[in-house]
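Asks: Can you keep this structure in mind? I'll have questions shortly.
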Protein chains: 2
Amino acid sequence: MAEAGDAATFAYRPLYLQVKESLIRRLIDGQWQPGQLIPSEMELAREIGVSQGTIRKALDAMAGENLLIRRQGRGTYVAEPEESRILFQFFRLMPDSGEPTFPTSQVLRRTRGAADREERAALALGTGAAVWRIERVRELGGAPLMAETIVLPAARFPGFDALGEIPNNVYRLYSERWRITVARASERLKAVAATPDDAKALGCPRATPLLRIARVAFDLENNPVELRLSRCLTRDAHYSSELR
Amino acid sequence: MAEAGDAATFAYRPLYLQVKESLIRRLIDGQWQPGQLIPSEMELAREIGVSQGTIRKALDAMAGENLLIRRQGRGTYVAEPEESRILFQFFRLMPDSGEPTFPTSQVLRRTRGAADREERAALALGTGAAVWRIERVRELGGAPLMAETIVLPAARFPGFDALGEIPNNVYRLYSERWRITVARASERLKAVAATPDDAKALGCPRATPLLRIARVAFDLENNPVELRLSRCLTRDAHYSSELR
DNA sequence: CAGTGGTCTAGACCACGCC
DNA sequence: GCGTGGTCTAGACCACTGG
């Protein structure tokens, strides 16, 4: 980290970004675990050999990406996939009135098969790659809200079949069981008509308009790790999006 | 700005936030106009009587909210509602394949009336308040994409009836004609069935599933200034949302 | 070449949480 | 009272832009 200013005219990267990447590497390697208190700014500055201000810029950037949580007076922690954070960060479907709540889940099926064309494209898989598929219904206040299909590359989730019950918060499961951190996700929304299967699962008439959310989730190294297809009833709920 | 550290234990506001608010005030007052080059960091620091670093934090925060555009070597500019920025910032409906494009608009109707319950709630209006309503169809590549109703509080848009043609980019119109800057927007998405009117405007069968976007746009002072109801065909397009 | 924003440093003080 | 992150300052140098 001594060659801070060698800036070969091209490929110049600010020091704080280099520091940030080296710290993200510690998250990827598992050297820093979710929930853990990391060293203070002063300690990191001494260890890495840069000023406290440079460490600060790196940590602030990581906190801005929800990888770290900074708490004045206490320290800096590695972000955890706990319910409330996931709810706020990754779950944009809100009841029309009342507070956002985490829906319950009921798993219908869990199968293994060859990834189809769409799944291979979304998950960057080769032909013939195997995937796990989880189908579940999620309810809010006792009423069905969404039918969901989660598709996981089998290669990234070894021992998936040996798993007992699948919990509601699967991102915590990915983290604890396979050390996979979901860092960001990209969603594509469309309006579709309920298929007979959807109608049955959701208890709605066939061809009811549903909000279809196709989500691809990415890990810390920006590899796609999950494809999720949700078909949502939006009679009493909506997808919330803030633009600025 | 001399009493930087009087911090009455409660109601403490960091200096850079106070500076930021005073600079936002210059935008609201029109002292700084869209597109204008504002004074350099050093000049502002001297004028306001704080360090360059504090000015920087304020300007960076404003740039993060897309109020300013900073360009190394050139200076800091007030953001303008130009096509490409609006497209990127406020228009999340993308073709399934190909680059995002700004759709064309054809205005069907322009009427004035009393705001209904929903409009009053969204725009924070009192009973009996008047609104303008613009109904238009937007097309992409010659095919109808969305039917849109724009609702504006008449009080905020004086002389609206004297307006000639309504341009495609209405945010630029708001800015140039009424000095209203749209700083952020909040959207609620649902799936609905096409009404007969929608079906006619969009040239689709009745009851086709449509993506319904209800957007409320806010000005620099965080007052709602526009309600927009869009019903979108999502056969060849989708709403894009990035979560991190 | 001068001027701008961007980075980096070093040091002081403040607000906060915990003991 | 101590250690943490948060703010504020001052100054140096770097990368980029335009004349």
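Labeling convention for the structure tokens: chains A, B, ... as they appear, residues from 1 per chain, ligands from 1 in order of appearance.
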As a list in words, please: the residues near A:Ala193 (cut-off 7 Å, only C-alpha atoms (C1' of nucleotides), same-chain neighbours under 6 positions excluded).

Replies: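 Result of the neighbour search: Ala207, Thr208, Pro209 and Leu210 of chain A; Pro209 of chain B.
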
Asks: I need the residues from that last selection saved to file as a compact mmCIF listing (two decimals), in the first residue's frame (with N, CA, C and O atoms), if you can.

Replies:
# COMPACT_ATOMS: atom_id res chain seq x y z
N ALA A 207 -56.45 -15.79 -14.04
CA ALA A 207 -56.24 -14.57 -14.83
C ALA A 207 -56.32 -13.29 -14.01
O ALA A 207 -56.34 -12.19 -14.56
N THR A 208 -56.36 -13.43 -12.68
CA THR A 208 -56.24 -12.23 -11.85
C THR A 208 -54.91 -11.54 -12.18
O THR A 208 -53.89 -12.21 -12.32
N PRO A 209 -54.91 -10.20 -12.33
CA PRO A 209 -53.63 -9.52 -12.57
C PRO A 209 -52.71 -9.66 -11.37
O PRO A 209 -53.10 -9.39 -10.23
N LEU A 210 -51.48 -10.11 -11.62
CA LEU A 210 -50.49 -10.26 -10.56
C LEU A 210 -49.26 -9.43 -10.89
O LEU A 210 -48.90 -9.26 -12.06
N PRO B 209 -53.64 -7.52 -18.10
CA PRO B 209 -52.92 -7.08 -16.89
C PRO B 209 -52.01 -5.90 -17.21
O PRO B 209 -51.22 -5.95 -18.16

Asks: Each residue of chain A with at least one atom at most 12 Å from chain C should appear once, together with its nearest atom pair and the corresponding distance in Å (one decimal); atoms considered: only C-alpha atoms (C1' of nucleotides); ordering: chain, then increasing residue number; output as CSV.

Replies:
residue,atom,partner,partner_atom,distance
A:Ala4,CA,C:DC8,C1',9.5
A:Gly5,CA,C:DC8,C1',10.2
A:Tyr12,CA,C:DT7,C1',11.8
A:Arg13,CA,C:DT7,C1',10.4
A:Pro14,CA,C:DT7,C1',7.0
A:Leu15,CA,C:DT7,C1',7.9
A:Tyr16,CA,C:DT7,C1',8.5
A:Leu17,CA,C:DT7,C1',10.7
A:Ala45,CA,C:DT9,C1',11.6
A:Gly49,CA,C:DT9,C1',11.7
A:Val50,CA,C:DT9,C1',8.6
A:Ser51,CA,C:DT9,C1',6.2
A:Gln52,CA,C:DT9,C1',8.6
A:Gly53,CA,C:DT9,C1',7.6
A:Thr54,CA,C:DC8,C1',6.9
A:Ile55,CA,C:DC8,C1',10.6
A:Arg56,CA,C:DC8,C1',11.6
A:Lys57,CA,C:DT7,C1',10.2
A:Arg71,CA,C:DC16,C1',8.8
A:Gln72,CA,C:DC16,C1',5.8
A:Gly73,CA,C:DC16,C1',4.8
A:Arg74,CA,C:DG17,C1',6.0
A:Gly75,CA,C:DG17,C1',9.7

Asks: Save the residues we just selected, N, CA and C atoms, as a PDB file, in the first residue's frame?

Replies:
ATOM      1  N   ALA A   4       1.219   4.726  -3.180  1.00  0.00           N
ATOM      2  CA  ALA A   4      -0.064   5.403  -3.246  1.00  0.00           C
ATOM      3  C   ALA A   4      -0.162   6.274  -4.494  1.00  0.00           C
ATOM      4  N   GLY A   5       0.922   6.913  -4.886  1.00  0.00           N
ATOM      5  CA  GLY A   5       0.813   7.908  -5.940  1.00  0.00           C
ATOM      6  C   GLY A   5       1.481   7.499  -7.237  1.00  0.00           C
ATOM      7  N   TYR A  12      -5.610   4.460 -12.686  1.00  0.00           N
ATOM      8  CA  TYR A  12      -5.451   5.110 -11.385  1.00  0.00           C
ATOM      9  C   TYR A  12      -6.620   4.769 -10.489  1.00  0.00           C
ATOM     10  N   ARG A  13      -6.310   4.302  -9.304  1.00  0.00           N
ATOM     11  CA  ARG A  13      -7.369   4.052  -8.327  1.00  0.00           C
ATOM     12  C   ARG A  13      -7.023   4.766  -7.031  1.00  0.00           C
ATOM     13  N   PRO A  14      -7.951   5.556  -6.525  1.00  0.00           N
ATOM     14  CA  PRO A  14      -7.698   6.245  -5.262  1.00  0.00           C
ATOM     15  C   PRO A  14      -7.366   5.242  -4.163  1.00  0.00           C
ATOM     16  N   LEU A  15      -6.568   5.700  -3.230  1.00  0.00           N
ATOM     17  CA  LEU A  15      -6.126   4.853  -2.136  1.00  0.00           C
ATOM     18  C   LEU A  15      -7.303   4.290  -1.348  1.00  0.00           C
ATOM     19  N   TYR A  16      -8.287   5.127  -1.084  1.00  0.00           N
ATOM     20  CA  TYR A  16      -9.397   4.677  -0.244  1.00  0.00           C
ATOM     21  C   TYR A  16     -10.197   3.565  -0.919  1.00  0.00           C
ATOM     22  N   LEU A  17     -10.202   3.562  -2.270  1.00  0.00           N
ATOM     23  CA  LEU A  17     -10.898   2.476  -2.970  1.00  0.00           C
ATOM     24  C   LEU A  17     -10.092   1.183  -2.889  1.00  0.00           C
ATOM     25  N   ALA A  45      -5.947   2.080  10.572  1.00  0.00           N
ATOM     26  CA  ALA A  45      -5.021   3.045   9.967  1.00  0.00           C
ATOM     27  C   ALA A  45      -3.572   2.631  10.251  1.00  0.00           C
ATOM     28  N   GLY A  49      -1.421   1.272   7.318  1.00  0.00           N
ATOM     29  CA  GLY A  49      -0.405   2.257   6.988  1.00  0.00           C
ATOM     30  C   GLY A  49      -0.926   3.435   6.188  1.00  0.00           C
ATOM     31  N   VAL A  50      -2.181   3.802   6.411  1.00  0.00           N
ATOM     32  CA  VAL A  50      -2.719   5.016   5.803  1.00  0.00           C
ATOM     33  C   VAL A  50      -3.326   5.864   6.914  1.00  0.00           C
ATOM     34  N   SER A  51      -3.770   7.036   6.569  1.00  0.00           N
ATOM     35  CA  SER A  51      -4.313   7.913   7.608  1.00  0.00           C
ATOM     36  C   SER A  51      -5.715   7.466   8.009  1.00  0.00           C
ATOM     37  N   GLN A  52      -6.144   7.950   9.162  1.00  0.00           N
ATOM     38  CA  GLN A  52      -7.476   7.610   9.647  1.00  0.00           C
ATOM     39  C   GLN A  52      -8.545   8.090   8.671  1.00  0.00           C
ATOM     40  N   GLY A  53      -8.301   9.252   8.044  1.00  0.00           N
ATOM     41  CA  GLY A  53      -9.271   9.805   7.101  1.00  0.00           C
ATOM     42  C   GLY A  53      -9.496   8.905   5.901  1.00  0.00           C
ATOM     43  N   THR A  54      -8.440   8.259   5.442  1.00  0.00           N
ATOM     44  CA  THR A  54      -8.568   7.351   4.299  1.00  0.00           C
ATOM     45  C   THR A  54      -9.348   6.103   4.691  1.00  0.00           C
ATOM     46  N   ILE A  55      -9.043   5.556   5.868  1.00  0.00           N
ATOM     47  CA  ILE A  55      -9.819   4.429   6.386  1.00  0.00           C
ATOM     48  C   ILE A  55     -11.287   4.827   6.479  1.00  0.00           C
ATOM     49  N   ARG A  56     -11.510   6.014   6.988  1.00  0.00           N
ATOM     50  CA  ARG A  56     -12.891   6.489   7.154  1.00  0.00           C
ATOM     51  C   ARG A  56     -13.637   6.505   5.836  1.00  0.00           C
ATOM     52  N   LYS A  57     -12.990   7.015   4.790  1.00  0.00           N
ATOM     53  CA  LYS A  57     -13.666   7.064   3.484  1.00  0.00           C
ATOM     54  C   LYS A  57     -14.031   5.664   3.013  1.00  0.00           C
ATOM     55  N   ARG A  71     -21.658   2.576  14.387  1.00  0.00           N
ATOM     56  CA  ARG A  71     -22.415   3.100  15.519  1.00  0.00           C
ATOM     57  C   ARG A  71     -21.515   3.970  16.368  1.00  0.00           C
ATOM     58  N   GLN A  72     -21.829   5.242  16.402  1.00  0.00           N
ATOM     59  CA  GLN A  72     -21.036   6.198  17.169  1.00  0.00           C
ATOM     60  C   GLN A  72     -20.965   5.752  18.625  1.00  0.00           C
ATOM     61  N   GLY A  73     -19.771   5.762  19.168  1.00  0.00           N
ATOM     62  CA  GLY A  73     -19.594   5.394  20.572  1.00  0.00           C
ATOM     63  C   GLY A  73     -19.372   3.908  20.772  1.00  0.00           C
ATOM     64  N   ARG A  74     -19.697   3.072  19.738  1.00  0.00           N
ATOM     65  CA  ARG A  74     -19.573   1.634  19.911  1.00  0.00           C
ATOM     66  C   ARG A  74     -18.566   1.004  18.973  1.00  0.00           C
ATOM     67  N   GLY A  75     -18.645   1.347  17.715  1.00  0.00           N
ATOM     68  CA  GLY A  75     -17.716   0.753  16.766  1.00  0.00           C
ATOM     69  C   GLY A  75     -18.379   0.427  15.452  1.00  0.00           C
TER      70      GLY A  75
END

Asks: Enumerate as a PyMOL selection string all residues of stretch 5-182 of chain B assigned to strand (DSSP E) by DSSP on the backbone, naming them with the chain letters and numbers the document uses.

Replies: chain B and resi 37-38+68-71+75-78+93-95+104-114+130-140+143-153

Asks: List every residue of chain A that has an atom at most 10 Å from any atom of chain B, giving for each one its closest atom pair and the distance in Å to one decimal, counting only C-alpha atoms, sorted by chain and then by ascending residue number, as a Markdown table.

Replies:
| residue | atom | partner | partner_atom | distance |
| --- | --- | --- | --- | --- |
| A:Gly64 | CA | B:Arg244 | CA | 9.1 |
| A:Glu65 | CA | B:Arg244 | CA | 6.3 |
| A:Asn66 | CA | B:Arg244 | CA | 7.0 |
| A:Leu67 | CA | B:Arg244 | CA | 9.4 |
| A:Gln89 | CA | B:Arg244 | CA | 6.6 |
| A:Phe90 | CA | B:Leu243 | CA | 6.2 |
| A:Phe91 | CA | B:Leu243 | CA | 9.1 |
| A:Arg92 | CA | B:Leu243 | CA | 9.2 |
| A:Leu93 | CA | B:Leu189 | CA | 9.0 |
| A:Met94 | CA | B:Arg188 | CA | 9.2 |
| A:Asp96 | CA | B:Arg188 | CA | 9.2 |
| A:Val182 | CA | B:Arg244 | CA | 9.2 |
| A:Ala183 | CA | B:Arg244 | CA | 6.6 |
| A:Arg184 | CA | B:Arg244 | CA | 4.4 |
| A:Ala185 | CA | B:Leu243 | CA | 5.0 |
| A:Ser186 | CA | B:Glu242 | CA | 4.7 |
| A:Glu187 | CA | B:Ser241 | CA | 5.0 |
| A:Arg188 | CA | B:Ser240 | CA | 4.8 |
| A:Leu189 | CA | B:Tyr239 | CA | 4.8 |
| A:Lys190 | CA | B:His238 | CA | 5.4 |
| A:Ala191 | CA | B:Leu211 | CA | 5.1 |
| A:Val192 | CA | B:Pro209 | CA | 5.5 |
| A:Ala193 | CA | B:Pro209 | CA | 6.0 |
| A:Ala194 | CA | B:Pro209 | CA | 9.5 |
| A:Ala207 | CA | B:Pro209 | CA | 8.4 |
| A:Thr208 | CA | B:Ala193 | CA | 7.9 |
| A:Pro209 | CA | B:Pro209 | CA | 5.0 |
| A:Leu210 | CA | B:Ala191 | CA | 5.3 |
| A:Leu211 | CA | B:Ala191 | CA | 5.0 |
| A:Arg212 | CA | B:Ala191 | CA | 8.5 |
| A:Ile213 | CA | B:Tyr239 | CA | 9.3 |
| A:Ala214 | CA | B:Ser240 | CA | 9.8 |
| A:Arg215 | CA | B:Ser241 | CA | 9.2 |
| A:Val216 | CA | B:Glu242 | CA | 9.9 |
| A:Ala217 | CA | B:Leu243 | CA | 9.1 |
| A:Phe218 | CA | B:Arg244 | CA | 9.9 |
| A:Cys232 | CA | B:Ala191 | CA | 8.5 |
| A:Leu233 | CA | B:Ala191 | CA | 7.8 |
| A:Thr234 | CA | B:Lys190 | CA | 5.4 |
| A:Arg235 | CA | B:Lys190 | CA | 7.8 |
| A:Asp236 | CA | B:Lys190 | CA | 9.4 |
| A:Ala237 | CA | B:Lys190 | CA | 7.7 |
| A:His238 | CA | B:Leu189 | CA | 5.3 |
| A:Tyr239 | CA | B:Leu189 | CA | 4.8 |
| A:Ser240 | CA | B:Arg188 | CA | 4.8 |
| A:Ser241 | CA | B:Glu187 | CA | 5.0 |
| A:Glu242 | CA | B:Ser186 | CA | 4.7 |
| A:Leu243 | CA | B:Ala185 | CA | 5.0 |
| A:Arg244 | CA | B:Arg184 | CA | 4.4 |

Asks: Show which residues sit within 10 Å of A:Gln33, as a ChimeraX atom specification. Count only C-alpha atoms (C1' of nucleotides), and ignore same-chain residues fewer than 6 positions away.

Replies: /A:26-27,77-80,175-176,179

Asks: Please write the residues from the selection above to a file, keeping C-alpha atoms, as a short mmCIF file (atom, residue, chain, number, x, y, z; two decimals), in the first residue's frame.

Replies:
data_model
loop_
_atom_site.label_atom_id
_atom_site.label_comp_id
_atom_site.auth_asym_id
_atom_site.auth_seq_id
_atom_site.Cartn_x
_atom_site.Cartn_y
_atom_site.Cartn_z
CA ARG A 26 -11.81 -9.76 4.42
CA LEU A 27 -15.58 -10.14 4.27
CA TYR A 77 -19.90 -4.00 12.76
CA VAL A 78 -20.23 -6.36 9.81
CA ALA A 79 -23.85 -6.22 8.61
CA GLU A 80 -26.05 -9.24 9.37
CA SER A 175 -25.12 -16.69 5.14
CA GLU A 176 -24.96 -19.18 8.01
CA ARG A 179 -21.27 -18.17 3.92
#

Asks: Extract the full set of helix (DSSP H, G or I) residues from stretch 23-93 of chain A according to DSSP on the backbone, and format it as a VMD selection string.

Replies: chain A and resid 23 to 29 41 to 48 52 to 64 83 to 90

Asks: Just the number, please: distance in Å from atom CA of B:Lys20 to atom CA of B:Ala58, one decimal.

Replies: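 Separation of atom CA of B:Lys20 and atom CA of B:Ala58: 4.7 Å.
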
Asks: If you measure from atom CA of A:Leu59 to atom CA of A:Met42, what distance in Å do you get, rounded to one decimal?

Replies: 12.1 Å

Asks: Within 9 Å of chain A, which residues of chain D are there when counting only C-alpha atoms (C1' of nucleotides)? Please give them as a PyMOL selection string.

Replies: chain D and resi 3-6+14-15

Asks: For a test of reading the model, state the distance in Å between atom CA of A:Thr149 and atom CA of A:Glu82, rounded to one decimal.

Replies: 21.6 Å

Asks: Residues at most 9 Å from B:Met146, counting only C-alpha atoms (C1' of nucleotides), excluding those fewer than 5 positions away in the same chain, as number ranges by chain?

Replies: B: 136-139, 198, 201-202, 210, 230-233
